[in-house]
>>> print(open('upload04.cif').read())   # mmCIF, N, CA and C atoms
data_coords
loop_
_atom_site.label_atom_id
_atom_site.label_comp_id
_atom_site.auth_asym_id
_atom_site.auth_seq_id
_atom_site.Cartn_x
_atom_site.Cartn_y
_atom_site.Cartn_z
N CYS A 1 -1.72 22.98 0.36
CA CYS A 1 -2.12 21.61 0.07
C CYS A 1 -1.78 21.26 -1.39
N LEU A 2 -2.17 22.15 -2.30
CA LEU A 2 -1.91 21.89 -3.71
C LEU A 2 -0.42 21.85 -4.01
N SER A 3 0.33 22.72 -3.38
CA SER A 3 1.78 22.75 -3.58
C SER A 3 2.41 21.43 -3.12
N THR A 4 1.99 20.95 -1.99
CA THR A 4 2.53 19.70 -1.46
C THR A 4 2.14 18.52 -2.35
N LEU A 5 0.92 18.53 -2.85
CA LEU A 5 0.48 17.46 -3.74
C LEU A 5 1.27 17.47 -5.05
N ASN A 6 1.57 18.65 -5.57
CA ASN A 6 2.39 18.75 -6.78
C ASN A 6 3.81 18.23 -6.52
N GLN A 7 4.34 18.55 -5.35
CA GLN A 7 5.68 18.07 -4.99
C GLN A 7 5.67 16.54 -4.89
N ALA A 8 4.62 15.97 -4.32
CA ALA A 8 4.51 14.52 -4.22
C ALA A 8 4.48 13.87 -5.60
N GLU A 9 3.77 14.48 -6.52
CA GLU A 9 3.71 13.92 -7.87
C GLU A 9 5.09 13.93 -8.52
N GLN A 10 5.87 14.99 -8.29
CA GLN A 10 7.22 15.05 -8.83
C GLN A 10 8.11 13.98 -8.21
N LEU A 11 7.97 13.76 -6.91
CA LEU A 11 8.77 12.75 -6.23
C LEU A 11 8.44 11.35 -6.72
N LEU A 12 7.21 11.12 -7.10
CA LEU A 12 6.81 9.80 -7.59
C LEU A 12 7.41 9.47 -8.95
N SER A 13 7.89 10.46 -9.65
CA SER A 13 8.49 10.20 -10.97
C SER A 13 9.88 9.57 -10.84
N LYS A 14 10.44 9.56 -9.62
CA LYS A 14 11.76 8.96 -9.40
C LYS A 14 11.60 7.46 -9.16
N PRO A 15 12.57 6.65 -9.58
CA PRO A 15 12.48 5.20 -9.39
C PRO A 15 12.45 4.82 -7.90
N VAL A 16 11.69 3.77 -7.62
CA VAL A 16 11.55 3.29 -6.25
C VAL A 16 11.88 1.80 -6.21
N ALA A 17 12.57 1.38 -5.17
CA ALA A 17 12.88 -0.04 -5.00
C ALA A 17 11.59 -0.79 -4.70
N PRO A 18 11.48 -2.04 -5.15
CA PRO A 18 10.27 -2.81 -4.84
C PRO A 18 10.15 -3.04 -3.35
N PRO A 19 8.92 -3.24 -2.87
CA PRO A 19 8.74 -3.45 -1.43
C PRO A 19 9.39 -4.74 -0.97
N ASP A 20 9.82 -4.76 0.30
CA ASP A 20 10.46 -5.94 0.88
C ASP A 20 9.45 -7.01 1.26
N SER A 21 8.19 -6.65 1.33
CA SER A 21 7.16 -7.56 1.79
C SER A 21 6.03 -7.67 0.78
N GLY A 22 5.44 -8.84 0.71
CA GLY A 22 4.28 -9.03 -0.13
C GLY A 22 3.03 -8.38 0.44
N TRP A 23 3.12 -7.93 1.70
CA TRP A 23 1.98 -7.31 2.37
C TRP A 23 1.89 -5.82 2.11
N THR A 24 2.93 -5.26 1.54
CA THR A 24 2.92 -3.82 1.28
C THR A 24 3.13 -3.56 -0.20
N SER A 25 2.77 -2.38 -0.60
CA SER A 25 3.02 -1.97 -1.97
C SER A 25 3.56 -0.54 -1.92
N PRO A 26 4.32 -0.15 -2.92
CA PRO A 26 4.87 1.19 -2.90
C PRO A 26 3.78 2.24 -3.08
N PHE A 27 4.03 3.42 -2.55
CA PHE A 27 3.13 4.55 -2.78
C PHE A 27 3.36 4.96 -4.22
N ASP A 28 2.33 4.82 -5.03
CA ASP A 28 2.47 5.08 -6.46
C ASP A 28 1.49 6.17 -6.91
N LEU A 29 1.42 6.36 -8.21
CA LEU A 29 0.56 7.40 -8.76
C LEU A 29 -0.90 7.15 -8.41
N GLY A 30 -1.33 5.89 -8.40
CA GLY A 30 -2.71 5.57 -8.02
C GLY A 30 -3.00 5.97 -6.58
N ALA A 31 -2.05 5.71 -5.69
CA ALA A 31 -2.22 6.10 -4.29
C ALA A 31 -2.28 7.63 -4.17
N LEU A 32 -1.42 8.30 -4.91
CA LEU A 32 -1.42 9.77 -4.87
C LEU A 32 -2.73 10.34 -5.39
N THR A 33 -3.20 9.85 -6.53
CA THR A 33 -4.45 10.40 -7.07
C THR A 33 -5.62 10.14 -6.13
N SER A 34 -5.58 9.02 -5.42
CA SER A 34 -6.61 8.73 -4.43
C SER A 34 -6.55 9.75 -3.29
N GLU A 35 -5.36 10.03 -2.81
CA GLU A 35 -5.19 11.01 -1.74
C GLU A 35 -5.62 12.40 -2.20
N VAL A 36 -5.27 12.75 -3.44
CA VAL A 36 -5.66 14.06 -3.98
C VAL A 36 -7.18 14.16 -4.05
N ALA A 37 -7.84 13.09 -4.52
CA ALA A 37 -9.30 13.11 -4.63
C ALA A 37 -9.93 13.35 -3.26
N ARG A 38 -9.46 12.63 -2.24
CA ARG A 38 -10.00 12.83 -0.89
C ARG A 38 -9.71 14.24 -0.38
N SER A 39 -8.51 14.73 -0.65
CA SER A 39 -8.15 16.08 -0.22
C SER A 39 -9.03 17.12 -0.89
N MET A 40 -9.29 16.95 -2.17
CA MET A 40 -10.13 17.90 -2.88
C MET A 40 -11.57 17.88 -2.35
N CYS A 41 -12.04 16.70 -1.97
CA CYS A 41 -13.37 16.64 -1.32
C CYS A 41 -13.36 17.42 -0.02
N ASP A 42 -12.32 17.22 0.77
CA ASP A 42 -12.21 17.93 2.05
C ASP A 42 -12.16 19.44 1.83
N LEU A 43 -11.54 19.87 0.72
CA LEU A 43 -11.45 21.29 0.40
C LEU A 43 -12.70 21.79 -0.32
N ARG A 44 -13.65 20.89 -0.56
CA ARG A 44 -14.92 21.18 -1.26
C ARG A 44 -14.72 21.59 -2.71
N ASP A 45 -13.61 21.15 -3.30
CA ASP A 45 -13.40 21.33 -4.74
C ASP A 45 -13.86 20.02 -5.39
N TYR A 46 -15.18 19.88 -5.50
CA TYR A 46 -15.77 18.62 -5.93
C TYR A 46 -15.50 18.29 -7.39
N THR A 47 -15.30 19.28 -8.22
CA THR A 47 -14.97 19.02 -9.62
C THR A 47 -13.60 18.35 -9.71
N ALA A 48 -12.62 18.91 -9.03
CA ALA A 48 -11.27 18.31 -9.03
C ALA A 48 -11.31 16.94 -8.35
N ALA A 49 -12.06 16.81 -7.27
CA ALA A 49 -12.16 15.54 -6.57
C ALA A 49 -12.69 14.45 -7.49
N ALA A 50 -13.73 14.77 -8.24
CA ALA A 50 -14.31 13.78 -9.17
C ALA A 50 -13.30 13.40 -10.25
N GLU A 51 -12.58 14.38 -10.75
CA GLU A 51 -11.57 14.11 -11.79
C GLU A 51 -10.49 13.17 -11.27
N PHE A 52 -9.98 13.43 -10.08
CA PHE A 52 -8.92 12.60 -9.52
C PHE A 52 -9.44 11.22 -9.11
N ALA A 53 -10.67 11.15 -8.63
CA ALA A 53 -11.25 9.85 -8.29
C ALA A 53 -11.39 8.99 -9.54
N ARG A 54 -11.86 9.59 -10.62
CA ARG A 54 -11.98 8.83 -11.89
C ARG A 54 -10.60 8.38 -12.37
N ARG A 55 -9.61 9.23 -12.20
CA ARG A 55 -8.25 8.87 -12.61
C ARG A 55 -7.74 7.69 -11.77
N THR A 56 -8.04 7.71 -10.49
CA THR A 56 -7.63 6.61 -9.61
C THR A 56 -8.26 5.30 -10.07
N ILE A 57 -9.54 5.35 -10.39
CA ILE A 57 -10.25 4.14 -10.84
C ILE A 57 -9.60 3.60 -12.11
N ARG A 58 -9.23 4.49 -13.01
CA ARG A 58 -8.56 4.06 -14.26
C ARG A 58 -7.19 3.44 -13.97
N LEU A 59 -6.50 3.96 -12.97
CA LEU A 59 -5.15 3.48 -12.66
C LEU A 59 -5.13 2.15 -11.91
N ARG A 60 -6.22 1.81 -11.28
CA ARG A 60 -6.28 0.59 -10.47
C ARG A 60 -6.93 -0.55 -11.26
N SER A 61 -6.23 -1.67 -11.33
CA SER A 61 -6.74 -2.84 -12.05
C SER A 61 -7.91 -3.45 -11.28
N PRO A 62 -8.75 -4.23 -11.97
CA PRO A 62 -9.93 -4.81 -11.32
C PRO A 62 -9.64 -5.65 -10.08
N GLU A 63 -8.47 -6.28 -10.01
CA GLU A 63 -8.18 -7.09 -8.82
C GLU A 63 -7.87 -6.23 -7.59
N ARG A 64 -7.68 -4.95 -7.77
CA ARG A 64 -7.47 -4.02 -6.64
C ARG A 64 -8.84 -3.52 -6.16
N MET A 65 -9.68 -4.46 -5.74
CA MET A 65 -11.08 -4.17 -5.41
C MET A 65 -11.24 -3.12 -4.32
N ARG A 66 -10.45 -3.22 -3.28
CA ARG A 66 -10.59 -2.26 -2.17
C ARG A 66 -10.24 -0.84 -2.64
N ALA A 67 -9.13 -0.71 -3.34
CA ALA A 67 -8.72 0.61 -3.82
C ALA A 67 -9.75 1.20 -4.78
N ARG A 68 -10.29 0.35 -5.65
CA ARG A 68 -11.32 0.83 -6.59
C ARG A 68 -12.61 1.20 -5.86
N ALA A 69 -12.97 0.41 -4.85
CA ALA A 69 -14.18 0.72 -4.07
C ALA A 69 -14.03 2.06 -3.36
N LEU A 70 -12.88 2.28 -2.73
CA LEU A 70 -12.66 3.54 -2.03
C LEU A 70 -12.66 4.72 -3.00
N ALA A 71 -12.04 4.55 -4.16
CA ALA A 71 -12.03 5.62 -5.16
C ALA A 71 -13.44 5.90 -5.67
N SER A 72 -14.21 4.84 -5.86
CA SER A 72 -15.60 5.02 -6.32
C SER A 72 -16.43 5.74 -5.28
N LEU A 73 -16.21 5.43 -4.01
CA LEU A 73 -16.96 6.12 -2.96
C LEU A 73 -16.53 7.58 -2.84
N THR A 74 -15.26 7.86 -3.08
CA THR A 74 -14.82 9.26 -3.13
C THR A 74 -15.48 9.97 -4.30
N LEU A 75 -15.58 9.27 -5.43
CA LEU A 75 -16.28 9.84 -6.58
C LEU A 75 -17.74 10.12 -6.23
N SER A 76 -18.39 9.19 -5.57
CA SER A 76 -19.79 9.40 -5.16
C SER A 76 -19.91 10.64 -4.28
N ARG A 77 -18.99 10.76 -3.34
CA ARG A 77 -19.00 11.92 -2.45
C ARG A 77 -18.81 13.22 -3.23
N ALA A 78 -17.91 13.20 -4.20
CA ALA A 78 -17.67 14.40 -5.02
C ALA A 78 -18.90 14.73 -5.87
N LEU A 79 -19.52 13.71 -6.43
CA LEU A 79 -20.72 13.94 -7.23
C LEU A 79 -21.85 14.51 -6.39
N LEU A 80 -21.99 14.00 -5.16
CA LEU A 80 -22.99 14.58 -4.25
C LEU A 80 -22.68 16.05 -4.00
N GLY A 81 -21.42 16.36 -3.81
CA GLY A 81 -21.01 17.74 -3.59
C GLY A 81 -21.33 18.64 -4.78
N GLN A 82 -21.32 18.06 -5.97
CA GLN A 82 -21.64 18.81 -7.18
C GLN A 82 -23.15 18.87 -7.42
N GLY A 83 -23.92 18.16 -6.61
CA GLY A 83 -25.36 18.12 -6.81
C GLY A 83 -25.80 17.10 -7.84
N LEU A 84 -24.91 16.21 -8.25
CA LEU A 84 -25.21 15.18 -9.25
C LEU A 84 -25.64 13.90 -8.51
N VAL A 85 -26.80 13.99 -7.89
CA VAL A 85 -27.28 12.96 -6.97
C VAL A 85 -27.51 11.62 -7.66
N GLU A 86 -28.16 11.62 -8.80
CA GLU A 86 -28.44 10.35 -9.48
C GLU A 86 -27.14 9.67 -9.94
N GLU A 87 -26.21 10.46 -10.43
CA GLU A 87 -24.92 9.89 -10.83
C GLU A 87 -24.17 9.33 -9.62
N ALA A 88 -24.26 10.03 -8.49
CA ALA A 88 -23.64 9.54 -7.26
C ALA A 88 -24.27 8.22 -6.84
N ALA A 89 -25.58 8.12 -6.95
CA ALA A 89 -26.28 6.88 -6.59
C ALA A 89 -25.85 5.74 -7.51
N GLU A 90 -25.72 6.03 -8.79
CA GLU A 90 -25.30 5.01 -9.76
C GLU A 90 -23.90 4.50 -9.44
N VAL A 91 -22.98 5.40 -9.15
CA VAL A 91 -21.61 5.00 -8.82
C VAL A 91 -21.61 4.18 -7.53
N THR A 92 -22.41 4.60 -6.58
CA THR A 92 -22.47 3.89 -5.30
C THR A 92 -22.92 2.44 -5.49
N THR A 93 -23.88 2.22 -6.37
CA THR A 93 -24.36 0.85 -6.58
C THR A 93 -23.28 -0.05 -7.20
N THR A 94 -22.29 0.53 -7.85
CA THR A 94 -21.20 -0.29 -8.40
C THR A 94 -20.29 -0.82 -7.30
N VAL A 95 -20.30 -0.16 -6.14
CA VAL A 95 -19.44 -0.56 -5.03
C VAL A 95 -20.08 -1.68 -4.20
N VAL A 96 -21.40 -1.66 -4.11
CA VAL A 96 -22.12 -2.58 -3.22
C VAL A 96 -21.70 -4.05 -3.38
N PRO A 97 -21.59 -4.60 -4.61
CA PRO A 97 -21.22 -6.01 -4.71
C PRO A 97 -19.82 -6.34 -4.17
N ALA A 98 -18.94 -5.36 -4.14
CA ALA A 98 -17.56 -5.60 -3.68
C ALA A 98 -17.44 -5.59 -2.16
N VAL A 99 -18.39 -4.98 -1.48
CA VAL A 99 -18.25 -4.79 -0.03
C VAL A 99 -18.07 -6.11 0.72
N PRO A 100 -18.90 -7.14 0.50
CA PRO A 100 -18.67 -8.39 1.23
C PRO A 100 -17.36 -9.07 0.86
N MET A 101 -16.94 -8.95 -0.39
CA MET A 101 -15.70 -9.60 -0.83
C MET A 101 -14.47 -8.91 -0.25
N VAL A 102 -14.53 -7.60 -0.13
CA VAL A 102 -13.39 -6.84 0.37
C VAL A 102 -13.27 -6.98 1.88
N GLY A 103 -14.41 -6.98 2.56
CA GLY A 103 -14.39 -7.14 4.01
C GLY A 103 -13.61 -6.05 4.72
N SER A 104 -13.76 -4.82 4.29
CA SER A 104 -12.99 -3.70 4.84
C SER A 104 -13.89 -2.79 5.67
N VAL A 105 -13.46 -2.53 6.90
CA VAL A 105 -14.18 -1.61 7.76
C VAL A 105 -14.17 -0.21 7.15
N VAL A 106 -13.06 0.16 6.54
CA VAL A 106 -12.94 1.49 5.94
C VAL A 106 -13.94 1.62 4.78
N VAL A 107 -14.03 0.61 3.92
CA VAL A 107 -14.99 0.66 2.81
C VAL A 107 -16.41 0.73 3.36
N SER A 108 -16.72 -0.09 4.34
CA SER A 108 -18.07 -0.08 4.92
C SER A 108 -18.39 1.28 5.54
N SER A 109 -17.43 1.86 6.21
CA SER A 109 -17.63 3.17 6.82
C SER A 109 -17.87 4.25 5.76
N GLN A 110 -17.07 4.21 4.70
CA GLN A 110 -17.24 5.19 3.62
C GLN A 110 -18.59 4.99 2.92
N LEU A 111 -18.98 3.74 2.73
CA LEU A 111 -20.27 3.45 2.10
C LEU A 111 -21.41 3.98 2.97
N ARG A 112 -21.30 3.78 4.27
CA ARG A 112 -22.31 4.29 5.20
C ARG A 112 -22.40 5.81 5.09
N SER A 113 -21.26 6.47 5.02
CA SER A 113 -21.22 7.93 4.92
C SER A 113 -21.87 8.43 3.63
N VAL A 114 -21.56 7.77 2.53
CA VAL A 114 -22.17 8.15 1.25
C VAL A 114 -23.68 7.90 1.30
N GLY A 115 -24.07 6.77 1.91
CA GLY A 115 -25.49 6.49 2.07
C GLY A 115 -26.21 7.58 2.84
N GLU A 116 -25.56 8.09 3.88
CA GLU A 116 -26.14 9.19 4.65
C GLU A 116 -26.31 10.44 3.78
N GLY A 117 -25.34 10.67 2.90
CA GLY A 117 -25.46 11.81 1.99
C GLY A 117 -26.57 11.64 0.97
N LEU A 118 -26.78 10.41 0.55
CA LEU A 118 -27.84 10.13 -0.41
C LEU A 118 -29.22 10.16 0.22
N ALA A 119 -29.30 9.89 1.52
CA ALA A 119 -30.58 9.73 2.21
C ALA A 119 -31.50 10.95 2.06
N ALA A 120 -30.93 12.12 1.98
CA ALA A 120 -31.74 13.33 1.84
C ALA A 120 -32.48 13.37 0.50
N HIS A 121 -32.09 12.49 -0.42
CA HIS A 121 -32.67 12.48 -1.77
C HIS A 121 -33.43 11.19 -2.05
N ARG A 122 -33.88 10.56 -1.00
CA ARG A 122 -34.55 9.26 -1.11
C ARG A 122 -35.77 9.29 -2.02
N ALA A 123 -36.38 10.44 -2.21
CA ALA A 123 -37.58 10.55 -3.06
C ALA A 123 -37.27 10.27 -4.53
N ILE A 124 -36.02 10.36 -4.92
CA ILE A 124 -35.62 10.06 -6.30
C ILE A 124 -35.53 8.55 -6.43
N PRO A 125 -36.27 7.94 -7.37
CA PRO A 125 -36.31 6.47 -7.46
C PRO A 125 -34.94 5.80 -7.53
N MET A 126 -34.03 6.30 -8.33
CA MET A 126 -32.72 5.69 -8.45
C MET A 126 -31.98 5.73 -7.12
N VAL A 127 -32.14 6.82 -6.40
CA VAL A 127 -31.49 6.97 -5.10
C VAL A 127 -32.11 6.00 -4.10
N ALA A 128 -33.42 5.87 -4.11
CA ALA A 128 -34.09 4.93 -3.20
C ALA A 128 -33.60 3.51 -3.44
N THR A 129 -33.44 3.14 -4.70
CA THR A 129 -32.93 1.80 -5.04
C THR A 129 -31.51 1.63 -4.52
N ALA A 130 -30.66 2.62 -4.75
CA ALA A 130 -29.27 2.55 -4.29
C ALA A 130 -29.22 2.46 -2.77
N LEU A 131 -30.04 3.24 -2.08
CA LEU A 131 -30.05 3.20 -0.62
C LEU A 131 -30.50 1.82 -0.11
N GLY A 132 -31.45 1.22 -0.77
CA GLY A 132 -31.88 -0.12 -0.39
C GLY A 132 -30.73 -1.11 -0.49
N GLU A 133 -29.95 -1.03 -1.56
CA GLU A 133 -28.78 -1.90 -1.74
C GLU A 133 -27.73 -1.65 -0.67
N VAL A 134 -27.49 -0.36 -0.38
CA VAL A 134 -26.51 0.00 0.63
C VAL A 134 -26.94 -0.53 1.99
N GLU A 135 -28.19 -0.31 2.34
CA GLU A 135 -28.69 -0.79 3.64
C GLU A 135 -28.61 -2.30 3.74
N ASP A 136 -28.94 -3.00 2.66
CA ASP A 136 -28.88 -4.48 2.67
C ASP A 136 -27.46 -4.98 2.90
N VAL A 137 -26.49 -4.41 2.20
CA VAL A 137 -25.12 -4.90 2.32
C VAL A 137 -24.50 -4.53 3.66
N LEU A 138 -24.93 -3.44 4.24
CA LEU A 138 -24.38 -3.03 5.53
C LEU A 138 -25.07 -3.72 6.71
N ALA A 139 -26.22 -4.32 6.45
CA ALA A 139 -26.97 -4.99 7.55
C ALA A 139 -26.26 -6.22 8.06
#
>>> encode(input="upload04.cif", output="structure tokens")
Amino acid sequence: CLSTLNQAEQLLSKPVAPPDSGWTSPFDLGALTSEVARSMCDLRDYTAAAEFARRTIRLRSPERMRARALASLTLSRALLGQGLVEEAAEVTTTVVPAVPMVGSVVVSSQLRSVGEGLAAHRAIPMVATALGEVEDVLA
């Protein structure tokens, strides 16, 4: 997995023609770092996942709301994996306002999944607040 991801990063350094359609965008470094973050979560390397998720957020401009929301939710998932529950709750609350504007089933699904991970820690006040926000936006 890591070898293939390194190869992908090398391939991205080559010039790419602009997309033919306004509906698509080229696979770029931001897309790669997002994929790496998700892959690292799947491999349970939560430290690397958090690093790549943060990098994705930095690479994506504010108008790329969906991409930033997904990267933030990957970061929340990685932080949960590291046992940083309050930090995961804080990051999750940054995504909540974007959910209605983005209108993405994928974002809603990821938010629901992170909420389920946070639910075991509901006794922590910050987590309870975050879960309330998540439940409200998903209702």
>>> resolve_selection(input="upload04.cif", expression="the PyMOL selection byres ((chain A and resi 118) around 8)", output="PyMOL selection string")
chain A and resi 80+85+88-89+112-117+119-123+127-128+131
>>> write_last_selection(input="upload04.cif", atoms="N, CA and C atoms", output="mmCIF file, keeping the file's coordinate frame")
data_model
loop_
_atom_site.group_PDB
_atom_site.id
_atom_site.type_symbol
_atom_site.label_atom_id
_atom_site.label_comp_id
_atom_site.auth_asym_id
_atom_site.auth_seq_id
_atom_site.Cartn_x
_atom_site.Cartn_y
_atom_site.Cartn_z
ATOM 1 N N LEU A 80 -21.990 14.000 -5.160
ATOM 2 C CA LEU A 80 -22.990 14.580 -4.250
ATOM 3 C C LEU A 80 -22.680 16.050 -4.000
ATOM 4 N N VAL A 85 -26.800 13.990 -7.890
ATOM 5 C CA VAL A 85 -27.280 12.960 -6.970
ATOM 6 C C VAL A 85 -27.510 11.620 -7.660
ATOM 7 N N ALA A 88 -24.260 10.030 -8.490
ATOM 8 C CA ALA A 88 -23.640 9.540 -7.260
ATOM 9 C C ALA A 88 -24.270 8.220 -6.840
ATOM 10 N N ALA A 89 -25.580 8.120 -6.950
ATOM 11 C CA ALA A 89 -26.280 6.880 -6.590
ATOM 12 C C ALA A 89 -25.850 5.740 -7.510
ATOM 13 N N ARG A 112 -21.300 3.780 4.270
ATOM 14 C CA ARG A 112 -22.310 4.290 5.200
ATOM 15 C C ARG A 112 -22.400 5.810 5.090
ATOM 16 N N SER A 113 -21.260 6.470 5.020
ATOM 17 C CA SER A 113 -21.220 7.930 4.920
ATOM 18 C C SER A 113 -21.870 8.430 3.630
ATOM 19 N N VAL A 114 -21.560 7.770 2.530
ATOM 20 C CA VAL A 114 -22.170 8.150 1.250
ATOM 21 C C VAL A 114 -23.680 7.900 1.300
ATOM 22 N N GLY A 115 -24.070 6.770 1.910
ATOM 23 C CA GLY A 115 -25.490 6.490 2.070
ATOM 24 C C GLY A 115 -26.210 7.580 2.840
ATOM 25 N N GLU A 116 -25.560 8.090 3.880
ATOM 26 C CA GLU A 116 -26.140 9.190 4.650
ATOM 27 C C GLU A 116 -26.310 10.440 3.780
ATOM 28 N N GLY A 117 -25.340 10.670 2.900
ATOM 29 C CA GLY A 117 -25.460 11.810 1.990
ATOM 30 C C GLY A 117 -26.570 11.640 0.970
ATOM 31 N N ALA A 119 -29.300 9.890 1.520
ATOM 32 C CA ALA A 119 -30.580 9.730 2.210
ATOM 33 C C ALA A 119 -31.500 10.950 2.060
ATOM 34 N N ALA A 120 -30.930 12.120 1.980
ATOM 35 C CA ALA A 120 -31.740 13.330 1.840
ATOM 36 C C ALA A 120 -32.480 13.370 0.500
ATOM 37 N N HIS A 121 -32.090 12.490 -0.420
ATOM 38 C CA HIS A 121 -32.670 12.480 -1.770
ATOM 39 C C HIS A 121 -33.430 11.190 -2.050
ATOM 40 N N ARG A 122 -33.880 10.560 -1.000
ATOM 41 C CA ARG A 122 -34.550 9.260 -1.110
ATOM 42 C C ARG A 122 -35.770 9.290 -2.020
ATOM 43 N N ALA A 123 -36.380 10.440 -2.210
ATOM 44 C CA ALA A 123 -37.580 10.550 -3.060
ATOM 45 C C ALA A 123 -37.270 10.270 -4.530
ATOM 46 N N VAL A 127 -32.140 6.820 -6.400
ATOM 47 C CA VAL A 127 -31.490 6.970 -5.100
ATOM 48 C C VAL A 127 -32.110 6.000 -4.100
ATOM 49 N N ALA A 128 -33.420 5.870 -4.110
ATOM 50 C CA ALA A 128 -34.090 4.930 -3.200
ATOM 51 C C ALA A 128 -33.600 3.510 -3.440
ATOM 52 N N LEU A 131 -30.040 3.240 -2.080
ATOM 53 C CA LEU A 131 -30.050 3.200 -0.620
ATOM 54 C C LEU A 131 -30.500 1.820 -0.110
#
>>> atom_distance(input="upload04.cif", atom1="atom CA of A:Ser72", atom2="atom C of A:Glu87")
10.1 Å
>>> residues_around(input="upload04.cif", residues="stretch 29-36 of chain A", least_positions_apart="6", cutoff="9 Å", atoms="only C-alpha atoms", output="number ranges by chain")
A: 2, 5, 8-9, 12-13, 48-49, 52-53, 55-60, 67, 70-71, 74
>>> atom_distance(input="upload04.cif", atom1="atom C of A:Arg38", atom2="atom C of A:Arg77")
9.6 Å
>>> closest_residue(input="upload04.cif", among="A:Glu51, A:Asp20, A:Glu90, A:Glu133", to="A:Ala78", atoms="only C-alpha atoms")
A:Glu51
>>> residues_around(input="upload04.cif", residues="A:Ala98", least_positions_apart="6", cutoff="8 Å", atoms="only N, CA and C atoms", output="PyMOL selection string")
chain A and resi 65-66+69+104
>>> write_last_selection(input="upload04.cif", atoms="N, CA and C atoms", output="PDB file, in the frame of the given file")
ATOM      1  N   MET A  65      -9.680  -4.460  -5.740  1.00  0.00           N
ATOM      2  CA  MET A  65     -11.080  -4.170  -5.410  1.00  0.00           C
ATOM      3  C   MET A  65     -11.240  -3.120  -4.320  1.00  0.00           C
ATOM      4  N   ARG A  66     -10.450  -3.220  -3.280  1.00  0.00           N
ATOM      5  CA  ARG A  66     -10.590  -2.260  -2.170  1.00  0.00           C
ATOM      6  C   ARG A  66     -10.240  -0.840  -2.640  1.00  0.00           C
ATOM      7  N   ALA A  69     -12.970   0.410  -4.850  1.00  0.00           N
ATOM      8  CA  ALA A  69     -14.180   0.720  -4.070  1.00  0.00           C
ATOM      9  C   ALA A  69     -14.030   2.060  -3.360  1.00  0.00           C
ATOM     10  N   SER A 104     -13.760  -4.820   4.290  1.00  0.00           N
ATOM     11  CA  SER A 104     -12.990  -3.700   4.840  1.00  0.00           C
ATOM     12  C   SER A 104     -13.890  -2.790   5.670  1.00  0.00           C
TER      13      SER A 104
END
>>> closest_residue(input="upload04.cif", among="A:Val137, A:Leu75, A:Cys41, A:Ala130", to="A:Pro100", atoms="only N, CA and C atoms")
A:Val137
>>> atom_distance(input="upload04.cif", atom1="atom CA of A:Val106", atom2="atom C of A:Pro125")
26.2 Å
>>> closest_residue(input="upload04.cif", among="A:Val99, A:Cys1, A:Leu79, A:Gln10", to="A:Tyr46", atoms="only N, CA and C atoms")
A:Leu79
>>> axis_aligned_box(input="upload04.cif", around="stretch 88-98 of chain A", padding_each_side="4 Å", output="AutoDock Vina command-line options")
--center_x -21.9 --center_y 1.8 --center_z -6.0 --size_x 16.8 --size_y 24.4 --size_z 15.6
>>> select_by_dssp(input="upload04.cif", residues="chain A", states="helix (DSSP H, G or I)", output="ChimeraX atom specification")
/A:2-12,29-42,46-59,65-81,85-95,98-102,105-119,125-138
>>> closest_residue(input="upload04.cif", among="A:Ile124, A:Leu11, A:Leu73, A:Ala139", to="A:Glu86", atoms="all atoms listed in the file")
A:Ile124
>>> build_atoms(input="upload04.cif", residues="stretch 39-47 of chain A", atoms="N, CA, C and O atoms", output="short mmCIF file (atom, residue, chain, number, x, y, z; two decimals), keeping the file's coordinate frame")
data_model
loop_
_atom_site.label_atom_id
_atom_site.label_comp_id
_atom_site.auth_asym_id
_atom_site.auth_seq_id
_atom_site.Cartn_x
_atom_site.Cartn_y
_atom_site.Cartn_z
N SER A 39 -8.51 14.73 -0.65
CA SER A 39 -8.15 16.08 -0.22
C SER A 39 -9.03 17.12 -0.89
O SER A 39 -9.49 18.08 -0.24
N MET A 40 -9.29 16.95 -2.17
CA MET A 40 -10.13 17.90 -2.88
C MET A 40 -11.57 17.88 -2.35
O MET A 40 -12.21 18.92 -2.26
N CYS A 41 -12.04 16.70 -1.97
CA CYS A 41 -13.37 16.64 -1.32
C CYS A 41 -13.36 17.42 -0.02
O CYS A 41 -14.29 18.19 0.25
N ASP A 42 -12.32 17.22 0.77
CA ASP A 42 -12.21 17.93 2.05
C ASP A 42 -12.16 19.44 1.83
O ASP A 42 -12.67 20.21 2.65
N LEU A 43 -11.54 19.87 0.72
CA LEU A 43 -11.45 21.29 0.40
C LEU A 43 -12.70 21.79 -0.32
O LEU A 43 -12.79 22.96 -0.68
N ARG A 44 -13.65 20.89 -0.56
CA ARG A 44 -14.92 21.18 -1.26
C ARG A 44 -14.72 21.59 -2.71
O ARG A 44 -15.55 22.28 -3.28
N ASP A 45 -13.61 21.15 -3.30
CA ASP A 45 -13.40 21.33 -4.74
C ASP A 45 -13.86 20.02 -5.39
O ASP A 45 -13.06 19.14 -5.73
N TYR A 46 -15.18 19.88 -5.50
CA TYR A 46 -15.77 18.62 -5.93
C TYR A 46 -15.50 18.29 -7.39
O TYR A 46 -15.44 17.11 -7.74
N THR A 47 -15.30 19.28 -8.22
CA THR A 47 -14.97 19.02 -9.62
C THR A 47 -13.60 18.35 -9.71
O THR A 47 -13.45 17.33 -10.40
#
